[in-house]
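Structure below is upload35.pdb: PDB, C-alpha atoms and all ligand atoms.
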```pdb
ATOM      1  CA  MET A   1     -20.950 -20.460  26.862  1.00  0.00           C
ATOM      2  CA  SER A   2     -22.398 -18.066  24.315  1.00  0.00           C
ATOM      3  CA  SER A   3     -24.183 -19.613  21.357  1.00  0.00           C
ATOM      4  CA  GLY A   4     -25.717 -18.187  18.248  1.00  0.00           C
ATOM      5  CA  ILE A   5     -27.796 -18.754  15.170  1.00  0.00           C
ATOM      6  CA  ILE A   6     -27.720 -17.116  11.770  1.00  0.00           C
ATOM      7  CA  LEU A   7     -31.018 -16.774   9.934  1.00  0.00           C
ATOM      8  CA  TYR A   8     -31.070 -15.686   6.327  1.00  0.00           C
ATOM      9  CA  GLN A   9     -33.521 -15.013   3.534  1.00  0.00           C
ATOM     10  CA  SER A  10     -31.987 -14.828   0.087  1.00  0.00           C
ATOM     11  CA  LYS A  11     -33.632 -14.877  -3.325  1.00  0.00           C
ATOM     12  CA  TYR A  12     -30.565 -14.642  -5.568  1.00  0.00           C
ATOM     13  CA  GLY A  13     -27.903 -16.108  -3.272  1.00  0.00           C
ATOM     14  CA  ALA A  14     -25.871 -13.100  -2.100  1.00  0.00           C
ATOM     15  CA  THR A  15     -27.221 -13.062   1.466  1.00  0.00           C
ATOM     16  CA  LYS A  16     -26.890 -16.834   1.664  1.00  0.00           C
ATOM     17  CA  LYS A  17     -23.201 -16.541   0.764  1.00  0.00           C
ATOM     18  CA  TYR A  18     -22.599 -13.968   3.540  1.00  0.00           C
ATOM     19  CA  ALA A  19     -24.532 -16.171   5.969  1.00  0.00           C
ATOM     20  CA  GLN A  20     -22.299 -19.134   5.077  1.00  0.00           C
ATOM     21  CA  TRP A  21     -19.151 -17.045   5.565  1.00  0.00           C
ATOM     22  CA  LEU A  22     -20.445 -15.907   8.954  1.00  0.00           C
ATOM     23  CA  GLN A  23     -21.212 -19.492   9.880  1.00  0.00           C
ATOM     24  CA  GLU A  24     -17.667 -20.515   8.991  1.00  0.00           C
ATOM     25  CA  GLU A  25     -16.218 -17.692  11.112  1.00  0.00           C
ATOM     26  CA  THR A  26     -18.476 -18.087  14.138  1.00  0.00           C
ATOM     27  CA  GLY A  27     -19.410 -21.757  14.186  1.00  0.00           C
ATOM     28  CA  PHE A  28     -23.012 -20.666  14.770  1.00  0.00           C
ATOM     29  CA  ALA A  29     -25.995 -22.632  13.543  1.00  0.00           C
ATOM     30  CA  CYS A  30     -27.382 -21.383  10.236  1.00  0.00           C
ATOM     31  CA  MET A  31     -30.753 -21.788   8.556  1.00  0.00           C
ATOM     32  CA  GLU A  32     -33.274 -20.069   6.321  1.00  0.00           C
ATOM     33  CA  THR A  33     -35.504 -17.649   8.206  1.00  0.00           C
ATOM     34  CA  LYS A  34     -38.575 -19.218   6.616  1.00  0.00           C
ATOM     35  CA  ALA A  35     -37.736 -22.554   8.228  1.00  0.00           C
ATOM     36  CA  ALA A  36     -36.955 -21.097  11.666  1.00  0.00           C
ATOM     37  CA  LYS A  37     -39.216 -21.847  14.609  1.00  0.00           C
ATOM     38  CA  LEU A  38     -39.309 -19.377  17.478  1.00  0.00           C
ATOM     39  CA  ASN A  39     -38.739 -21.972  20.218  1.00  0.00           C
ATOM     40  CA  GLN A  40     -35.654 -23.188  18.370  1.00  0.00           C
ATOM     41  CA  VAL A  41     -34.259 -19.652  17.922  1.00  0.00           C
ATOM     42  CA  CYS A  42     -34.903 -18.877  21.614  1.00  0.00           C
ATOM     43  CA  GLU A  43     -32.306 -21.480  22.588  1.00  0.00           C
ATOM     44  CA  TYR A  44     -29.499 -19.183  21.346  1.00  0.00           C
ATOM     45  CA  ASP A  45     -27.988 -16.105  23.047  1.00  0.00           C
ATOM     46  CA  THR A  46     -27.077 -14.352  19.779  1.00  0.00           C
ATOM     47  CA  ILE A  47     -29.325 -14.046  16.746  1.00  0.00           C
ATOM     48  CA  ILE A  48     -27.936 -12.776  13.451  1.00  0.00           C
ATOM     49  CA  LEU A  49     -30.571 -12.183  10.787  1.00  0.00           C
ATOM     50  CA  GLY A  50     -29.608 -11.424   7.197  1.00  0.00           C
ATOM     51  CA  GLY A  51     -31.758 -10.509   4.230  1.00  0.00           C
ATOM     52  CA  GLY A  52     -31.546  -9.024   0.767  1.00  0.00           C
ATOM     53  CA  VAL A  53     -32.770  -5.442   0.334  1.00  0.00           C
ATOM     54  CA  TYR A  54     -35.885  -5.175  -1.813  1.00  0.00           C
ATOM     55  CA  ALA A  55     -37.324  -1.691  -2.354  1.00  0.00           C
ATOM     56  CA  SER A  56     -35.812  -0.600   0.981  1.00  0.00           C
ATOM     57  CA  GLY A  57     -37.329  -3.598   2.779  1.00  0.00           C
ATOM     58  CA  ILE A  58     -35.205  -6.365   4.312  1.00  0.00           C
ATOM     59  CA  ALA A  59     -36.212  -9.919   3.384  1.00  0.00           C
ATOM     60  CA  GLY A  60     -37.130 -11.930   6.466  1.00  0.00           C
ATOM     61  CA  LEU A  61     -37.092  -9.018   8.903  1.00  0.00           C
ATOM     62  CA  SER A  62     -40.755  -9.719   9.622  1.00  0.00           C
ATOM     63  CA  PHE A  63     -39.582 -12.713  11.687  1.00  0.00           C
ATOM     64  CA  LEU A  64     -37.971 -10.309  14.172  1.00  0.00           C
ATOM     65  CA  LYS A  65     -40.834  -7.806  14.056  1.00  0.00           C
ATOM     66  CA  ARG A  66     -43.310 -10.569  14.846  1.00  0.00           C
ATOM     67  CA  ASN A  67     -41.269 -12.174  17.595  1.00  0.00           C
ATOM     68  CA  ILE A  68     -39.199  -9.426  19.192  1.00  0.00           C
ATOM     69  CA  LYS A  69     -41.268  -9.517  22.397  1.00  0.00           C
ATOM     70  CA  PHE A  70     -40.166 -13.116  22.928  1.00  0.00           C
ATOM     71  CA  LEU A  71     -36.481 -12.325  22.354  1.00  0.00           C
ATOM     72  CA  THR A  72     -35.811 -10.025  25.306  1.00  0.00           C
ATOM     73  CA  GLY A  73     -32.214 -10.276  26.528  1.00  0.00           C
ATOM     74  CA  LYS A  74     -30.890 -11.729  23.267  1.00  0.00           C
ATOM     75  CA  LYS A  75     -28.065 -10.074  21.370  1.00  0.00           C
ATOM     76  CA  ILE A  76     -29.590  -9.365  17.949  1.00  0.00           C
ATOM     77  CA  LEU A  77     -27.746  -8.222  14.834  1.00  0.00           C
ATOM     78  CA  VAL A  78     -29.193  -7.660  11.371  1.00  0.00           C
ATOM     79  CA  PHE A  79     -27.236  -7.478   8.130  1.00  0.00           C
ATOM     80  CA  CYS A  80     -28.776  -6.575   4.826  1.00  0.00           C
ATOM     81  CA  VAL A  81     -27.335  -7.063   1.354  1.00  0.00           C
ATOM     82  CA  GLY A  82     -28.190  -4.596  -1.385  1.00  0.00           C
ATOM     83  CA  ALA A  83     -26.897  -3.763  -4.845  1.00  0.00           C
ATOM     84  CA  SER A  84     -26.773   0.023  -4.421  1.00  0.00           C
ATOM     85  CA  PRO A  85     -23.424   1.747  -3.901  1.00  0.00           C
ATOM     86  CA  TYR A  86     -22.659   2.535  -0.242  1.00  0.00           C
ATOM     87  CA  ASP A  87     -24.788   5.514   0.799  1.00  0.00           C
ATOM     88  CA  GLU A  88     -25.145   6.715   4.396  1.00  0.00           C
ATOM     89  CA  SER A  89     -28.510   8.341   3.707  1.00  0.00           C
ATOM     90  CA  ALA A  90     -29.968   5.106   2.259  1.00  0.00           C
ATOM     91  CA  ILE A  91     -28.770   3.247   5.367  1.00  0.00           C
ATOM     92  CA  ALA A  92     -30.267   5.942   7.597  1.00  0.00           C
ATOM     93  CA  GLN A  93     -33.541   5.530   5.704  1.00  0.00           C
ATOM     94  CA  ILE A  94     -33.550   1.763   6.280  1.00  0.00           C
ATOM     95  CA  ARG A  95     -32.803   2.325   9.959  1.00  0.00           C
ATOM     96  CA  GLU A  96     -35.631   4.866  10.261  1.00  0.00           C
ATOM     97  CA  LEU A  97     -38.106   2.689   8.395  1.00  0.00           C
ATOM     98  CA  HIS A  98     -37.460  -0.616  10.144  1.00  0.00           C
ATOM     99  CA  PHE A  99     -35.599  -0.146  13.423  1.00  0.00           C
ATOM    100  CA  LYS A 100     -37.949   1.838  15.598  1.00  0.00           C
ATOM    101  CA  ASP A 101     -39.390   1.151  19.045  1.00  0.00           C
ATOM    102  CA  GLU A 102     -38.715  -2.434  20.153  1.00  0.00           C
ATOM    103  CA  LEU A 103     -36.230  -2.922  17.279  1.00  0.00           C
ATOM    104  CA  SER A 104     -34.197   0.210  18.032  1.00  0.00           C
ATOM    105  CA  ALA A 105     -31.487  -1.642  20.018  1.00  0.00           C
ATOM    106  CA  ILE A 106     -30.672  -3.953  17.118  1.00  0.00           C
ATOM    107  CA  ILE A 107     -27.244  -3.579  15.546  1.00  0.00           C
ATOM    108  CA  LEU A 108     -27.598  -3.046  11.782  1.00  0.00           C
ATOM    109  CA  LYS A 109     -24.935  -3.616   9.139  1.00  0.00           C
ATOM    110  CA  CYS A 110     -25.596  -2.948   5.450  1.00  0.00           C
ATOM    111  CA  ILE A 111     -23.398  -4.695   2.896  1.00  0.00           C
TER     112      ILE A 111
HETATM  113  C1  LIG B   1     -37.197  -5.967  -7.134  1.00  0.00           C
HETATM  114  C2  LIG B   1     -35.854  -5.638  -6.543  1.00  0.00           C
HETATM  115  C3  LIG B   1     -35.721  -4.548  -5.689  1.00  0.00           C
HETATM  116  C4  LIG B   1     -34.473  -4.208  -5.160  1.00  0.00           C
HETATM  117  N1  LIG B   1     -34.363  -3.119  -4.339  1.00  0.00           N
HETATM  118  C5  LIG B   1     -33.144  -2.753  -3.863  1.00  0.00           C
HETATM  119  C6  LIG B   1     -33.014  -1.610  -3.026  1.00  0.00           C
HETATM  120  O1  LIG B   1     -33.974  -0.913  -2.700  1.00  0.00           O
HETATM  121  N2  LIG B   1     -31.767  -1.283  -2.584  1.00  0.00           N
HETATM  122  C7  LIG B   1     -30.658  -2.026  -2.915  1.00  0.00           C
HETATM  123  O2  LIG B   1     -29.557  -1.685  -2.489  1.00  0.00           O
HETATM  124  N3  LIG B   1     -30.764  -3.128  -3.698  1.00  0.00           N
HETATM  125  C8  LIG B   1     -31.971  -3.512  -4.174  1.00  0.00           C
HETATM  126  N4  LIG B   1     -32.091  -4.633  -4.962  1.00  0.00           N
HETATM  127  C9  LIG B   1     -30.912  -5.486  -5.209  1.00  0.00           C
HETATM  128  C10 LIG B   1     -30.846  -6.657  -4.197  1.00  0.00           C
HETATM  129  O3  LIG B   1     -30.852  -6.175  -2.878  1.00  0.00           O
HETATM  130  C11 LIG B   1     -29.549  -7.433  -4.424  1.00  0.00           C
HETATM  131  O4  LIG B   1     -29.650  -8.123  -5.677  1.00  0.00           O
HETATM  132  C12 LIG B   1     -29.264  -8.416  -3.321  1.00  0.00           C
HETATM  133  O5  LIG B   1     -28.023  -9.038  -3.567  1.00  0.00           O
HETATM  134  C13 LIG B   1     -30.345  -9.467  -3.202  1.00  0.00           C
HETATM  135  O6  LIG B   1     -30.041 -10.337  -2.134  1.00  0.00           O
HETATM  136  P1  LIG B   1     -30.160 -11.923  -2.343  1.00  0.00           P
HETATM  137  O7  LIG B   1     -29.180 -12.277  -3.464  1.00  0.00           O
HETATM  138  O8  LIG B   1     -29.733 -12.499  -1.040  1.00  0.00           O
HETATM  139  O9  LIG B   1     -31.592 -12.227  -2.701  1.00  0.00           O
HETATM  140  C14 LIG B   1     -33.329  -4.987  -5.489  1.00  0.00           C
HETATM  141  C15 LIG B   1     -33.474  -6.112  -6.340  1.00  0.00           C
HETATM  142  C16 LIG B   1     -34.715  -6.432  -6.860  1.00  0.00           C
HETATM  143  C17 LIG B   1     -34.823  -7.643  -7.765  1.00  0.00           C
END
```

Show this structure as structure tokens.
Ligand SMILES: Cc1cc2nc3c(=O)[nH]c(=O)nc-3n(C[C@H](O)[C@H](O)[C@H](O)COP(=O)(O)O)c2cc1C
Amino acid sequence: MSSGIILYQSKYGATKKYAQWLQEETGFACMETKAAKLNQVCEYDTIILGGGVYASGIAGLSFLKRNIKFLTGKKILVFCVGASPYDESAIAQIRELHFKDELSAIILKCI
């Protein structure tokens, strides 16, 4: 059976709220990225990582950048929560900046 975990990093609470909604919908485990241990995360087939957007960076994405080589074969999705109005070019910029090379297969959703 497929299992999943939602990791989130949220300063003001918006990303945390989305993470909680996702948890309710999926039944996945849910925890702050800062508290996540790699061996724990590796137990799940699906990893959803959410973070607020700060100056075009995604809070907590460093967890994936650091550990991606240990997550081969996992289904990985990232969602980011920003305050800017929806803008395809801003999303393209985030994709270009952060989802290259080993992270290029990750599914990205900007909210
Ligand atoms: C210093 C700072 C930089 C920010 N930079 C961006 C940005 O580049 N793009 C954007 O859409 N929102 C930006 N925001 C807005 C946050 O992404 C937004 O408040 C988001 O909801 C924060 O997520 P959180 O509530 O989970 O911490 C910025 C906010 C702050 C305080």

Close residues to ligand LIG 1 (chain B) using only C-alpha atoms and all ligand atoms, limit 7 Å, as a count of residues only: 19

message: Counting all atoms listed in the file, which residue out of A:Gly4, A:Lys109, A:Leu49, A:Pro85 sits closest to Ser62 of chain A?
response: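 Closest to Ser62 of chain A of all the choices is A:Leu49.
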
message: On this structure, the PyMOL selection byres (((chain A and resi 75) around 12) and not hetatm) would catch which residues? List them as a list in words, sorted by chain and number.
response: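 Checked against the file, the PyMOL selection byres (((chain A and resi 75) around 12) and not hetatm) matches Ser2, Ser3, Gly4, Ile5, Ile6, Val41, Cys42, Tyr44, Asp45, Thr46, Ile47, Ile48, Leu49, Ile68, Leu71, Thr72, Gly73, Lys74, Ile76, Leu77, Val78, Leu103, Ala105, Ile106, Ile107 and Leu108 of chain A.
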
Write the selection just made, keeping C-alpha atoms, as a PDB file, in the frame of the given file?
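As written to disk, result-v3.pdb reads:
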```
ATOM      1  CA  SER A   2     -22.398 -18.066  24.315  1.00  0.00           C
ATOM      2  CA  SER A   3     -24.183 -19.613  21.357  1.00  0.00           C
ATOM      3  CA  GLY A   4     -25.717 -18.187  18.248  1.00  0.00           C
ATOM      4  CA  ILE A   5     -27.796 -18.754  15.170  1.00  0.00           C
ATOM      5  CA  ILE A   6     -27.720 -17.116  11.770  1.00  0.00           C
ATOM      6  CA  VAL A  41     -34.259 -19.652  17.922  1.00  0.00           C
ATOM      7  CA  CYS A  42     -34.903 -18.877  21.614  1.00  0.00           C
ATOM      8  CA  TYR A  44     -29.499 -19.183  21.346  1.00  0.00           C
ATOM      9  CA  ASP A  45     -27.988 -16.105  23.047  1.00  0.00           C
ATOM     10  CA  THR A  46     -27.077 -14.352  19.779  1.00  0.00           C
ATOM     11  CA  ILE A  47     -29.325 -14.046  16.746  1.00  0.00           C
ATOM     12  CA  ILE A  48     -27.936 -12.776  13.451  1.00  0.00           C
ATOM     13  CA  LEU A  49     -30.571 -12.183  10.787  1.00  0.00           C
ATOM     14  CA  ILE A  68     -39.199  -9.426  19.192  1.00  0.00           C
ATOM     15  CA  LEU A  71     -36.481 -12.325  22.354  1.00  0.00           C
ATOM     16  CA  THR A  72     -35.811 -10.025  25.306  1.00  0.00           C
ATOM     17  CA  GLY A  73     -32.214 -10.276  26.528  1.00  0.00           C
ATOM     18  CA  LYS A  74     -30.890 -11.729  23.267  1.00  0.00           C
ATOM     19  CA  ILE A  76     -29.590  -9.365  17.949  1.00  0.00           C
ATOM     20  CA  LEU A  77     -27.746  -8.222  14.834  1.00  0.00           C
ATOM     21  CA  VAL A  78     -29.193  -7.660  11.371  1.00  0.00           C
ATOM     22  CA  LEU A 103     -36.230  -2.922  17.279  1.00  0.00           C
ATOM     23  CA  ALA A 105     -31.487  -1.642  20.018  1.00  0.00           C
ATOM     24  CA  ILE A 106     -30.672  -3.953  17.118  1.00  0.00           C
ATOM     25  CA  ILE A 107     -27.244  -3.579  15.546  1.00  0.00           C
ATOM     26  CA  LEU A 108     -27.598  -3.046  11.782  1.00  0.00           C
TER      27      LEU A 108
END
```

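The interatomic distance for the pair atom CA of Glu24 of chain A and atom CA of Asp87 of chain A works out to 28.2 Å.
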
task: For a cut-off of 8 Å around (-30.9, -23.7, 11.5), file coordinates, pick out all residues using only C-alpha atoms and list them as a PyMOL selection string.
output: chain A and resi 5-7+29-32+35-36

field: From A:Ala90, A:Gln23, A:Gly50, A:Phe70, residue lying nearest Leu38 of chain A [all atoms listed in the file]
entry: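 Looking at the shortest contact to Leu38 of chain A, the residue is A:Phe70.
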
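The space separating atom CA of Leu22 of chain A from atom CA of Cys110 of chain A comes to 14.4 Å.
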
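One finds atom CA of Arg95 of chain A at 25.4 Å from atom CA of Lys37 of chain A.
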
Centre and size of axis-aligned box enclosing segment 4-9 of chain A plus 4 Å each side, as JSON:
```
{"center_x": -29.6, "center_y": -16.9, "center_z": 10.9, "size_x": 15.8, "size_y": 11.7, "size_z": 22.7}
```

query: Between A:Phe79, A:Lys17, A:Ser104, A:Glu88, which has the minimum distance to Lys65 of chain A (counting only C-alpha atoms)?
result: A:Ser104
